[in-house]
$ cat run.cif   # mmCIF, C-alpha atoms
data_work
loop_
_atom_site.label_atom_id
_atom_site.label_comp_id
_atom_site.auth_asym_id
_atom_site.auth_seq_id
_atom_site.Cartn_x
_atom_site.Cartn_y
_atom_site.Cartn_z
CA MET A 36 56.14 26.32 -1.18
CA PRO A 37 55.43 22.80 0.20
CA GLU A 38 57.67 21.20 -2.42
CA GLN A 39 60.70 22.71 -0.73
CA HIS A 40 60.26 20.21 2.09
CA ALA A 41 60.01 17.09 -0.09
CA ILE A 42 63.12 14.92 0.07
CA LEU A 43 62.70 13.89 -3.55
CA SER A 44 61.28 17.11 -4.96
CA ALA A 45 60.06 17.47 -8.51
CA SER A 46 62.23 20.55 -9.04
CA SER A 47 65.41 18.56 -8.31
CA SER A 48 64.30 15.38 -10.10
CA HIS A 49 66.63 15.93 -13.06
CA ARG A 50 69.47 15.68 -10.54
CA TRP A 51 68.46 12.67 -8.46
CA LEU A 52 67.33 10.73 -11.52
CA ALA A 53 70.83 11.11 -12.97
CA CYS A 54 72.66 10.74 -9.63
CA PRO A 55 70.45 8.93 -7.06
CA PRO A 56 72.76 9.07 -4.00
CA CYS A 57 73.23 12.84 -4.25
CA VAL A 58 69.99 13.43 -2.32
CA ARG A 59 71.26 12.01 0.95
CA LEU A 60 74.71 13.53 0.41
CA GLU A 61 73.13 16.97 0.05
CA GLU A 62 71.47 16.61 3.47
CA LYS A 63 74.90 17.10 5.05
CA PHE A 64 75.05 20.63 3.69
CA PRO A 65 72.84 23.59 4.70
CA GLN A 66 70.18 24.86 2.35
CA LYS A 67 70.91 28.32 1.05
CA THR A 68 68.41 30.70 -0.45
CA SER A 69 69.09 33.58 -2.80
CA GLU A 70 67.56 36.84 -3.93
CA TYR A 71 66.83 35.22 -7.29
CA ALA A 72 64.80 32.47 -5.60
CA ALA A 73 62.89 35.05 -3.54
CA GLU A 74 62.22 37.08 -6.69
CA GLY A 75 60.85 33.95 -8.38
CA THR A 76 58.58 33.24 -5.42
CA LEU A 77 57.23 36.79 -5.58
CA ALA A 78 56.54 36.44 -9.32
CA HIS A 79 54.69 33.17 -8.66
CA GLU A 80 52.56 34.88 -6.02
CA LEU A 81 51.66 37.61 -8.52
CA GLY A 82 50.81 34.98 -11.12
CA GLU A 83 48.67 33.05 -8.66
CA ILE A 84 46.52 35.99 -7.55
CA SER A 85 46.20 37.28 -11.13
CA LEU A 86 44.90 33.93 -12.36
CA LYS A 87 42.53 33.45 -9.43
CA PHE A 88 41.16 36.97 -9.80
CA THR A 89 40.70 36.72 -13.57
CA LEU A 90 39.06 33.30 -13.31
CA GLY A 91 36.68 34.45 -10.57
CA GLU A 92 38.26 32.60 -7.66
CA MET A 93 39.34 35.70 -5.77
CA PRO A 94 37.22 38.78 -4.90
CA THR A 95 38.46 42.23 -5.93
CA ARG A 96 39.12 43.37 -2.37
CA THR A 97 41.31 40.36 -1.60
CA PHE A 98 43.15 40.73 -4.90
CA ASN A 99 43.89 44.43 -4.33
CA SER A 100 45.09 43.72 -0.81
CA LYS A 101 47.46 40.97 -1.94
CA LEU A 102 48.62 42.98 -4.94
CA LYS A 103 49.48 45.94 -2.72
CA LYS A 104 51.55 43.68 -0.50
CA ILE A 105 53.44 42.27 -3.50
CA GLN A 106 54.05 45.76 -4.91
CA GLY A 107 55.47 46.80 -1.55
CA ASP A 108 58.08 44.06 -1.59
CA LYS A 109 61.63 45.30 -2.17
CA LEU A 110 62.08 42.77 -4.98
CA PHE A 111 59.06 43.99 -6.94
CA THR A 112 59.95 45.84 -10.15
CA ALA A 113 57.84 47.71 -12.69
CA ASP A 114 58.53 45.08 -15.37
CA MET A 115 57.47 42.09 -13.24
CA PRO A 116 53.74 42.42 -14.08
CA ASP A 117 54.59 42.52 -17.80
CA TYR A 118 56.51 39.26 -17.63
CA VAL A 119 53.98 37.55 -15.36
CA GLU A 120 51.22 38.65 -17.73
CA THR A 121 52.78 36.44 -20.42
CA TYR A 122 52.43 33.47 -18.08
CA VAL A 123 48.85 34.39 -17.09
CA ASP A 124 47.76 34.93 -20.70
CA THR A 125 49.22 31.57 -21.71
CA CYS A 126 47.35 29.78 -18.91
CA LEU A 127 44.08 31.52 -19.82
CA GLU A 128 44.57 30.55 -23.45
CA LYS A 129 45.09 26.91 -22.46
CA PHE A 130 41.94 26.94 -20.35
CA SER A 131 39.92 28.51 -23.18
CA GLU A 132 41.08 25.74 -25.50
CA ALA A 133 40.05 23.14 -22.91
CA LYS A 134 36.58 24.68 -22.49
CA ALA A 135 36.05 24.77 -26.24
CA LYS A 136 36.68 21.05 -26.25
CA THR A 137 34.93 20.20 -22.98
CA PRO A 138 32.43 22.77 -21.60
CA ASP A 139 32.86 21.52 -18.03
CA ALA A 140 36.67 21.54 -18.16
CA ILE A 141 38.30 22.41 -14.86
CA PHE A 142 41.36 24.35 -13.79
CA LYS A 143 43.50 24.39 -10.67
CA VAL A 144 45.89 27.13 -9.55
CA GLU A 145 48.87 26.23 -7.31
CA GLN A 146 47.54 22.69 -6.98
CA LYS A 147 49.32 20.34 -4.57
CA LEU A 148 50.13 17.14 -6.46
CA ASP A 149 50.98 13.83 -4.79
CA PHE A 150 53.12 11.44 -6.83
CA SER A 151 54.15 9.23 -3.88
CA GLU A 152 52.83 6.16 -5.74
CA TRP A 153 56.08 6.31 -7.72
CA VAL A 154 58.36 8.50 -5.57
CA PRO A 155 58.66 7.94 -1.78
CA GLU A 156 57.00 10.86 0.03
CA GLY A 157 56.85 12.65 -3.31
CA PHE A 158 54.67 15.71 -3.76
CA GLY A 159 54.91 19.11 -5.41
CA THR A 160 52.90 22.09 -6.56
CA GLY A 161 51.57 22.55 -10.08
CA ASP A 162 51.35 26.23 -11.02
CA PHE A 163 48.36 25.76 -13.31
CA VAL A 164 46.50 22.62 -14.33
CA THR A 165 43.64 22.42 -16.80
CA ILE A 166 41.74 19.22 -17.52
CA ALA A 167 39.32 18.28 -20.27
CA ASP A 168 38.16 14.99 -21.72
CA GLY A 169 41.10 13.20 -23.24
CA THR A 170 43.71 15.86 -22.44
CA MET A 171 45.28 17.42 -19.40
CA GLU A 172 47.76 20.30 -19.55
CA ILE A 173 50.14 21.55 -16.90
CA CYS A 174 51.72 25.02 -17.09
CA ASP A 175 54.77 26.04 -15.10
CA LEU A 176 56.26 29.52 -14.65
CA LYS A 177 60.04 29.84 -14.67
CA TYR A 178 60.84 33.45 -13.78
CA GLY A 179 64.62 33.03 -13.83
CA LYS A 180 66.65 33.92 -16.89
CA GLY A 181 70.05 32.45 -16.02
CA VAL A 182 69.33 28.92 -17.25
CA PRO A 183 66.97 28.18 -20.17
CA VAL A 184 64.50 25.42 -19.29
CA SER A 185 62.74 23.28 -21.88
CA ALA A 186 59.60 21.21 -21.41
CA LYS A 187 60.94 18.49 -23.72
CA GLY A 188 61.45 15.36 -21.63
CA ASN A 189 61.42 17.50 -18.47
CA PRO A 190 61.18 15.17 -15.43
CA GLN A 191 59.77 17.86 -13.13
CA MET A 192 56.81 18.33 -15.45
CA ARG A 193 56.36 14.57 -15.76
CA LEU A 194 56.17 14.24 -11.98
CA TYR A 195 53.53 16.95 -11.86
CA ALA A 196 51.65 15.09 -14.60
CA LEU A 197 51.76 11.86 -12.58
CA GLY A 198 50.45 13.70 -9.53
CA ALA A 199 47.64 15.20 -11.58
CA ILE A 200 46.73 11.78 -13.02
CA ALA A 201 46.56 10.33 -9.50
CA GLU A 202 44.36 13.23 -8.41
CA PHE A 203 41.98 13.70 -11.33
CA SER A 204 41.93 10.63 -13.60
CA PHE A 205 38.76 9.36 -11.93
CA LEU A 206 36.93 12.48 -13.15
CA TYR A 207 38.12 12.50 -16.74
CA ASP A 208 39.25 9.93 -19.27
CA ILE A 209 42.74 11.33 -19.80
CA GLU A 210 44.67 9.91 -22.74
CA LYS A 211 47.48 12.42 -23.23
CA ILE A 212 49.34 15.01 -21.21
CA LYS A 213 50.63 18.37 -22.40
CA MET A 214 53.32 20.11 -20.37
CA THR A 215 54.17 23.77 -20.97
CA ILE A 216 56.98 25.82 -19.43
CA ILE A 217 56.71 29.61 -19.68
CA GLN A 218 60.00 31.47 -19.20
CA PRO A 219 58.95 35.04 -20.05
CA ARG A 220 62.22 36.82 -19.40
CA LEU A 221 63.81 34.65 -22.09
CA ASP A 222 60.78 34.97 -24.40
CA SER A 223 60.45 31.19 -24.22
CA ILE A 224 57.33 29.02 -24.19
CA SER A 225 57.99 25.32 -24.77
CA THR A 226 55.53 22.43 -24.77
CA ASP A 227 55.97 18.68 -24.63
CA GLU A 228 53.33 16.01 -25.09
CA ILE A 229 53.20 12.39 -23.95
CA SER A 230 50.50 9.74 -23.79
CA VAL A 231 49.36 8.57 -20.37
CA LYS A 232 50.38 5.04 -21.36
CA ASP A 233 53.97 6.10 -22.14
CA LEU A 234 54.17 8.28 -19.05
CA LEU A 235 53.06 5.47 -16.75
CA GLU A 236 55.50 3.09 -18.43
CA TRP A 237 58.35 5.57 -17.80
CA ALA A 238 57.17 5.99 -14.21
CA GLU A 239 57.26 2.23 -13.53
CA LYS A 240 60.44 1.34 -15.42
CA VAL A 241 62.61 4.40 -14.85
CA LEU A 242 61.23 6.72 -12.20
CA LYS A 243 60.10 4.33 -9.48
CA PRO A 244 63.25 2.17 -9.19
CA THR A 245 65.53 5.22 -9.37
CA ALA A 246 63.48 7.11 -6.76
CA GLU A 247 63.72 4.15 -4.40
CA LEU A 248 67.51 4.16 -4.76
CA ALA A 249 67.64 7.93 -4.22
CA PHE A 250 65.47 7.76 -1.11
CA LYS A 251 67.82 5.18 0.41
CA GLY A 252 70.91 7.09 -0.65
CA GLU A 253 72.01 4.22 -2.86
CA GLY A 254 73.06 3.93 -6.47
CA GLU A 255 75.98 5.36 -8.42
CA PHE A 256 77.26 8.92 -8.17
CA LYS A 257 77.39 10.50 -11.61
CA ALA A 258 78.65 13.98 -12.46
CA GLY A 259 77.23 16.14 -15.23
CA GLU A 260 75.24 19.28 -16.01
CA HIS A 261 72.79 18.33 -13.26
CA CYS A 262 75.46 19.13 -10.64
CA GLY A 263 74.86 22.88 -11.03
CA PHE A 264 72.50 23.36 -8.06
CA CYS A 265 73.68 20.42 -5.94
CA ARG A 266 74.67 21.53 -2.45
CA ALA A 267 77.48 18.94 -2.39
CA LYS A 268 78.95 19.90 -5.76
CA SER A 269 82.10 21.49 -4.32
CA VAL A 270 83.27 18.39 -2.45
CA CYS A 271 81.71 15.58 -4.49
CA LYS A 272 84.40 13.05 -5.42
CA ALA A 273 82.56 11.85 -8.53
CA ARG A 274 82.55 15.38 -9.88
CA ALA A 275 86.21 15.82 -8.98
CA ASP A 276 87.15 12.56 -10.71
CA LYS A 277 85.32 13.58 -13.87
CA ASN A 278 86.96 16.99 -14.01
CA MET A 279 90.42 15.65 -13.29
CA GLU A 280 90.15 13.60 -16.48
CA LEU A 281 91.19 16.74 -18.35
CA ALA A 282 94.53 16.75 -16.53
CA LYS A 283 95.10 13.17 -17.69
CA TYR A 284 94.46 14.01 -21.33
CA GLU A 285 97.02 12.32 -23.58
CA PHE A 286 98.20 14.86 -26.10
CA ARG A 287 99.79 14.01 -29.43
CA SER A 288 103.59 13.98 -29.54
CA THR A 289 103.74 17.16 -31.62
CA ASP A 290 104.88 20.64 -30.64
CA THR A 291 101.43 22.15 -31.06
CA LEU A 292 97.88 21.09 -30.29
CA SER A 293 95.86 19.72 -33.18
CA GLU A 294 92.29 20.78 -33.98
CA LYS A 295 91.10 17.52 -32.41
CA ASP A 296 93.10 18.21 -29.22
CA ILE A 297 91.58 21.68 -28.91
CA SER A 298 88.09 20.34 -29.61
CA ASN A 299 88.43 17.74 -26.85
CA ILE A 300 89.73 20.31 -24.36
CA LEU A 301 86.94 22.78 -25.18
CA GLY A 302 84.43 20.04 -24.46
CA GLN A 303 85.61 19.85 -20.86
CA ALA A 304 87.03 23.31 -20.15
CA ASP A 305 83.73 25.01 -19.30
CA GLU A 306 82.72 22.41 -16.72
CA LEU A 307 86.28 22.34 -15.36
CA ALA A 308 86.22 26.13 -14.87
CA LYS A 309 82.88 25.90 -13.02
CA TRP A 310 84.24 23.14 -10.79
CA VAL A 311 87.39 25.08 -9.90
CA LYS A 312 85.30 28.18 -9.10
CA ASP A 313 83.01 26.12 -6.86
CA ILE A 314 86.03 24.70 -5.01
CA GLN A 315 87.48 28.18 -4.50
CA GLU A 316 84.20 29.60 -3.17
CA TYR A 317 83.65 26.64 -0.85
CA ALA A 318 87.21 26.76 0.49
CA LEU A 319 86.96 30.50 1.23
CA ASP A 320 83.66 30.03 3.03
CA GLN A 321 85.11 27.21 5.13
CA ALA A 322 88.32 29.11 5.84
CA LEU A 323 86.33 32.07 7.14
CA GLN A 324 84.68 29.62 9.54
CA GLY A 325 88.05 28.47 10.86
CA VAL A 326 88.98 25.56 8.61
CA ALA A 327 92.72 25.53 7.84
CA TYR A 328 94.02 24.44 4.44
CA GLU A 329 97.74 23.68 4.39
CA GLY A 330 99.63 26.25 2.37
CA TRP A 331 96.71 28.68 2.20
CA LYS A 332 95.50 31.65 4.25
CA VAL A 333 92.77 34.28 4.12
CA VAL A 334 93.92 37.85 3.52
CA GLU A 335 92.17 41.14 2.85
CA GLY A 336 91.50 41.65 -0.84
CA ARG A 337 91.93 44.86 -2.76
CA SER A 338 89.34 47.59 -2.33
CA ASN A 339 88.69 50.98 -3.89
CA ARG A 340 88.59 54.27 -2.04
CA LYS A 341 85.19 55.91 -1.73
CA TYR A 342 83.64 59.09 -0.35
CA THR A 343 81.97 58.81 3.06
CA ASP A 344 79.64 61.77 2.35
CA THR A 345 79.25 62.78 -1.31
CA GLU A 346 77.11 65.85 -0.53
CA LYS A 347 79.68 67.17 1.92
CA VAL A 348 82.49 66.58 -0.59
CA ALA A 349 80.63 68.56 -3.26
CA GLU A 350 79.84 71.37 -0.81
CA ILE A 351 83.49 71.81 0.17
CA LEU A 352 84.82 71.69 -3.41
CA ILE A 353 82.23 74.17 -4.72
CA ALA A 354 83.02 76.48 -1.78
CA ASN A 355 86.63 76.35 -2.96
CA GLN A 356 85.75 77.62 -6.46
CA TYR A 357 85.50 74.23 -8.27
CA ALA A 358 82.58 74.34 -10.73
CA GLU A 359 79.82 71.74 -10.68
CA GLY A 360 80.57 70.87 -14.30
CA VAL A 361 84.07 69.88 -13.21
CA ILE A 362 83.37 67.85 -10.06
CA TYR A 363 80.23 66.05 -11.35
CA LYS A 364 80.03 63.47 -14.10
CA PRO A 365 77.67 64.18 -17.02
CA LYS A 366 74.19 62.71 -16.68
CA GLU A 367 73.94 59.11 -17.91
CA LEU A 368 70.83 57.09 -18.71
CA GLN A 369 70.16 53.86 -16.88
CA GLY A 370 70.87 50.70 -18.88
CA LEU A 371 67.92 49.07 -20.65
CA THR A 372 67.57 46.25 -18.13
CA ASN A 373 67.34 48.67 -15.21
CA MET A 374 65.13 51.03 -17.20
CA GLU A 375 62.64 48.22 -17.84
CA LYS A 376 62.54 47.51 -14.11
CA LEU A 377 61.88 51.18 -13.40
CA VAL A 378 59.33 51.89 -16.14
CA GLY A 379 57.97 48.48 -17.08
CA LYS A 380 58.74 46.52 -20.25
CA LYS A 381 55.50 47.32 -22.10
CA LYS A 382 55.38 50.99 -21.09
CA LEU A 383 59.01 51.53 -22.04
CA ASN A 384 58.43 49.94 -25.44
CA GLN A 385 55.41 52.19 -26.00
CA LEU A 386 57.42 55.30 -25.13
CA ILE A 387 60.78 54.68 -26.77
CA GLY A 388 60.51 51.36 -28.64
CA ASP A 389 61.58 52.96 -31.93
CA LEU A 390 64.73 54.26 -30.23
CA ILE A 391 65.92 50.85 -29.08
CA GLU A 392 68.03 48.54 -31.20
CA LYS A 393 69.73 45.21 -30.54
CA PRO A 394 73.10 45.07 -32.30
CA GLN A 395 74.61 41.76 -33.33
CA GLY A 396 76.26 40.00 -30.41
CA LYS A 397 79.94 39.19 -30.24
CA PRO A 398 80.92 35.73 -31.51
CA VAL A 399 81.05 33.02 -28.83
CA LEU A 400 82.39 29.50 -29.28
CA VAL A 401 79.85 26.92 -28.02
CA SER A 402 79.14 23.23 -28.50
CA GLN A 403 77.10 21.92 -31.45
CA ASP A 404 74.24 21.18 -29.01
CA ASP A 405 73.58 24.92 -28.57
CA LYS A 406 70.29 25.88 -30.24
CA ARG A 407 71.47 29.28 -31.50
CA PRO A 408 72.18 29.65 -35.26
CA VAL A 409 75.75 29.81 -36.53
CA PHE A 410 77.28 33.30 -36.27
CA ASN A 411 77.38 35.27 -39.52
CA SER A 412 79.56 38.36 -39.66
CA ALA A 413 79.17 41.05 -42.30
CA LYS A 414 82.41 39.86 -43.87
CA ALA A 415 81.17 36.26 -44.03
CA ASP A 416 77.89 37.41 -45.62
CA PHE A 417 79.82 39.39 -48.24
CA GLU A 418 82.06 36.45 -49.09
#
$ encode --input "run.cif" --output "structure tokens"
Amino acid sequence: MPEQHAILSASSSHRWLACPPCVRLEEKFPQKTSEYAAEGTLAHELGEISLKFTLGEMPTRTFNSKLKKIQGDKLFTADMPDYVETYVDTCLEKFSEAKAKTPDAIFKVEQKLDFSEWVPEGFGTGDFVTIADGTMEICDLKYGKGVPVSAKGNPQMRLYALGAIAEFSFLYDIEKIKMTIIQPRLDSISTDEISVKDLLEWAEKVLKPTAELAFKGEGEFKAGEHCGFCRAKSVCKARADKNMELAKYEFRSTDTLSEKDISNILGQADELAKWVKDIQEYALDQALQGVAYEGWKVVEGRSNRKYTDTEKVAEILIANQYAEGVIYKPKELQGLTNMEKLVGKKKLNQLIGDLIEKPQGKPVLVSQDDKRPVFNSAKADFE
């Protein structure tokens, strides 16, 4: 996607808005892709052709050709169309609402959006944009399920909205912007709304000055949740300083930790653990490339024995009077996640939905900011 080549991309805006100089620091480190990113790209391609075909922008022959190519990709799974369908249906619903309000409402699929008026060399791609008199709505597909993403105050969506205003405001009198993020594998659809006046005010007072700092590599380094996908996170001094604060914690002069002590430690422990893991992974990668760390060396880790030819092993053992029931494990069904990939989420639910249950999860200690309800055990309910 073109956005991948933007220095100040919309997708990383939450990071450079919080920590402007990180952009130029990241340039010193190679970009790495992942199977998850490739899977997301494939899902976006499926969503794009499905929308264009349904809305009459793509002929059947072209659609079938592109669909066949997507289905032939090694990352394609039977449940991908089910999840992408949620995104497509949501976009179609938004467009229907726009047409009911404005008969000549327009839509754009995978629309390039230029927001360089506020962000130097800034541009990105809006998955789906629909525009009617008074209102414009932008929909974005998030296929990943590792990190929940909300549309509330989301800077990426705001940048897309600014790009859409710059592109289409001369056609329609747009007064408010709706921004919707569809994350189907987490059953999440969130929407935020902002007036054009407030958005432009934010763009001038917050976005523009911060983007100028980021483009120059200036400003103050600041560590936080936004560090997660930063390429410099393993060696960033600001992040190290923040995490080392835990080691400087001044405990009470008692023999045991108080509830307040434990609460304060828990507030930092998760981020500290992530930081240490990042350091370990970075150091190993560098050591394998020849970097020497005093007092440390690379050795061969533990490994498990395995058969080189399972069919040959079985053949020999059976020939030596060992029964198949002894040398083979009993048949075992695939887990539900893998089964959905093999069969498809909707089809699997149609076939065996009444045989699937979701037991109560194990209790997990999280911060008060977590949106999940407080855990209730059977014992607590009884009491």
$ closest_residue --input "run.cif" --among "A:Tyr122, A:Thr165, A:Val231, A:Leu148" --to "A:Lys134" --atoms "all atoms listed in the file"
A:Thr165
$ residues_around --input "run.cif" --residues "A:Val144" --least-positions-apart "6" --cutoff "8 Å" --atoms "all atoms listed in the file" --output "VMD selection string"
chain A and resid 83 86 to 87 161 to 164
$ residues_around --input "run.cif" --residues "A:Leu52" --least-positions-apart "6" --cutoff "8 Å" --atoms "all atoms listed in the file" --output "list in words"
Leu242, Thr245, Ala246 and Ala249 of chain A
$ closest_atom_pairs --input "run.cif" --of "stretch 248-320 of chain A" --to "stretch 171-191 of chain A" --cutoff "12 Å" --atoms "only C-alpha atoms" --output "Markdown table"
| residue | atom | partner | partner_atom | distance |
| --- | --- | --- | --- | --- |
| A:Glu260 | CA | A:Val182 | CA | 11.4 |
| A:His261 | CA | A:Val182 | CA | 11.8 |
| A:Gly263 | CA | A:Val182 | CA | 10.3 |
| A:Phe264 | CA | A:Val182 | CA | 11.2 |
$ resolve_selection --input "run.cif" --expression "the PyMOL selection byres ((chain A and resi 369-374) around 12)" --output "MDAnalysis selection string"
chainID A and resid 112:115 220 366:368 375:384 386:388 390:393
$ closest_atom_pairs --input "run.cif" --of "stretch 58-80 of chain A" --to "stretch 268-279 of chain A" --cutoff "12 Å" --atoms "only C-alpha atoms" --output "tab-separated table"
residue	atom	partner	partner_atom	distance
A:Val58	CA	A:Lys268	CA	11.6
A:Leu60	CA	A:Cys271	CA	8.8
A:Glu61	CA	A:Lys268	CA	8.7
A:Lys63	CA	A:Val270	CA	11.3
A:Phe64	CA	A:Lys268	CA	10.2
$ resolve_selection --input "run.cif" --expression "the PyMOL selection byres ((chain A and resi 136) around 12)" --output "VMD selection string"
chain A and resid 129 to 135 137 to 141 165 to 171
$ closest_residue --input "run.cif" --among "A:Ile353, A:Ala41, A:Val241, A:Ala53" --to "A:Arg193" --atoms "all atoms listed in the file"
A:Val241
$ residues_around --input "run.cif" --residues "A:Asp222" --least-positions-apart "3" --cutoff "10 Å" --atoms "all atoms listed in the file" --output "VMD selection string"
chain A and resid 118 121 180 217 to 219
$ closest_residue --input "run.cif" --among "A:Gln303, A:Ser44, A:Ser293, A:Ser230" --to "A:Glu210" --atoms "all atoms listed in the file"
A:Ser230
$ residues_around --input "run.cif" --residues "stretch 342-348 of chain A" --least-positions-apart "3" --cutoff "12 Å" --atoms "all atoms listed in the file" --output "mmCIF file with C-alpha atoms, in the frame of the given file"
data_model
loop_
_atom_site.group_PDB
_atom_site.id
_atom_site.type_symbol
_atom_site.label_atom_id
_atom_site.label_comp_id
_atom_site.auth_asym_id
_atom_site.auth_seq_id
_atom_site.Cartn_x
_atom_site.Cartn_y
_atom_site.Cartn_z
ATOM 1 C CA ASN A 339 88.690 50.980 -3.890
ATOM 2 C CA ILE A 351 83.490 71.810 0.170
ATOM 3 C CA LEU A 352 84.820 71.690 -3.410
ATOM 4 C CA ILE A 353 82.230 74.170 -4.720
ATOM 5 C CA ALA A 354 83.020 76.480 -1.780
ATOM 6 C CA ASN A 355 86.630 76.350 -2.960
ATOM 7 C CA TYR A 357 85.500 74.230 -8.270
ATOM 8 C CA GLU A 359 79.820 71.740 -10.680
ATOM 9 C CA ILE A 362 83.370 67.850 -10.060
ATOM 10 C CA TYR A 363 80.230 66.050 -11.350
#
$ atom_distance --input "run.cif" --atom1 "atom CA of A:Ser225" --atom2 "atom CA of A:Gly157"
24.9 Å
$ closest_residue --input "run.cif" --among "A:Glu329, A:Cys126, A:Ser69, A:Pro408" --to "A:Ile216" --atoms "all atoms listed in the file"
A:Cys126
$ atom_distance --input "run.cif" --atom1 "atom CA of A:His79" --atom2 "atom CA of A:Lys109"
15.4 Å
$ atom_distance --input "run.cif" --atom1 "atom CA of A:Ser338" --atom2 "atom CA of A:Gln315"
19.6 Å
$ closest_residue --input "run.cif" --among "A:Arg50, A:Glu74, A:Leu235, A:Val334" --to "A:Ala322" --atoms "all atoms listed in the file"
A:Val334
$ build_atoms --input "run.cif" --residues "stretch 391-403 of chain A" --atoms "N, CA and C atoms" --output "PDB file, in the frame of the given file"
ATOM      1  N   ILE A 391      65.153  51.957 -29.641  1.00  0.00           N
ATOM      2  CA  ILE A 391      65.920  50.850 -29.080  1.00  0.00           C
ATOM      3  C   ILE A 391      66.323  49.898 -30.201  1.00  0.00           C
ATOM      4  N   GLU A 392      67.567  49.514 -30.215  1.00  0.00           N
ATOM      5  CA  GLU A 392      68.030  48.540 -31.200  1.00  0.00           C
ATOM      6  C   GLU A 392      68.851  47.464 -30.486  1.00  0.00           C
ATOM      7  N   LYS A 393      68.938  46.308 -31.096  1.00  0.00           N
ATOM      8  CA  LYS A 393      69.730  45.210 -30.540  1.00  0.00           C
ATOM      9  C   LYS A 393      70.808  44.857 -31.555  1.00  0.00           C
ATOM     10  N   PRO A 394      72.018  45.368 -31.347  1.00  0.00           N
ATOM     11  CA  PRO A 394      73.100  45.070 -32.300  1.00  0.00           C
ATOM     12  C   PRO A 394      73.486  43.604 -32.257  1.00  0.00           C
ATOM     13  N   GLN A 395      74.164  43.155 -33.280  1.00  0.00           N
ATOM     14  CA  GLN A 395      74.610  41.760 -33.330  1.00  0.00           C
ATOM     15  C   GLN A 395      75.582  41.487 -32.188  1.00  0.00           C
ATOM     16  N   GLY A 396      75.394  40.357 -31.524  1.00  0.00           N
ATOM     17  CA  GLY A 396      76.260  40.000 -30.410  1.00  0.00           C
ATOM     18  C   GLY A 396      77.648  39.577 -30.862  1.00  0.00           C
ATOM     19  N   LYS A 397      78.581  39.617 -29.930  1.00  0.00           N
ATOM     20  CA  LYS A 397      79.940  39.190 -30.240  1.00  0.00           C
ATOM     21  C   LYS A 397      79.963  37.668 -30.434  1.00  0.00           C
ATOM     22  N   PRO A 398      80.847  37.178 -31.288  1.00  0.00           N
ATOM     23  CA  PRO A 398      80.920  35.730 -31.510  1.00  0.00           C
ATOM     24  C   PRO A 398      81.374  34.981 -30.255  1.00  0.00           C
ATOM     25  N   VAL A 399      80.721  33.864 -29.980  1.00  0.00           N
ATOM     26  CA  VAL A 399      81.050  33.020 -28.830  1.00  0.00           C
ATOM     27  C   VAL A 399      81.164  31.585 -29.313  1.00  0.00           C
ATOM     28  N   LEU A 400      82.199  30.886 -28.887  1.00  0.00           N
ATOM     29  CA  LEU A 400      82.390  29.500 -29.280  1.00  0.00           C
ATOM     30  C   LEU A 400      81.628  28.589 -28.321  1.00  0.00           C
ATOM     31  N   VAL A 401      80.677  27.811 -28.847  1.00  0.00           N
ATOM     32  CA  VAL A 401      79.850  26.920 -28.020  1.00  0.00           C
ATOM     33  C   VAL A 401      79.801  25.544 -28.676  1.00  0.00           C
ATOM     34  N   SER A 402      79.234  24.572 -27.953  1.00  0.00           N
ATOM     35  CA  SER A 402      79.140  23.230 -28.500  1.00  0.00           C
ATOM     36  C   SER A 402      78.046  23.155 -29.571  1.00  0.00           C
ATOM     37  N   GLN A 403      78.085  22.096 -30.374  1.00  0.00           N
ATOM     38  CA  GLN A 403      77.100  21.920 -31.450  1.00  0.00           C
ATOM     39  C   GLN A 403      75.692  21.753 -30.903  1.00  0.00           C
TER      40      GLN A 403
END
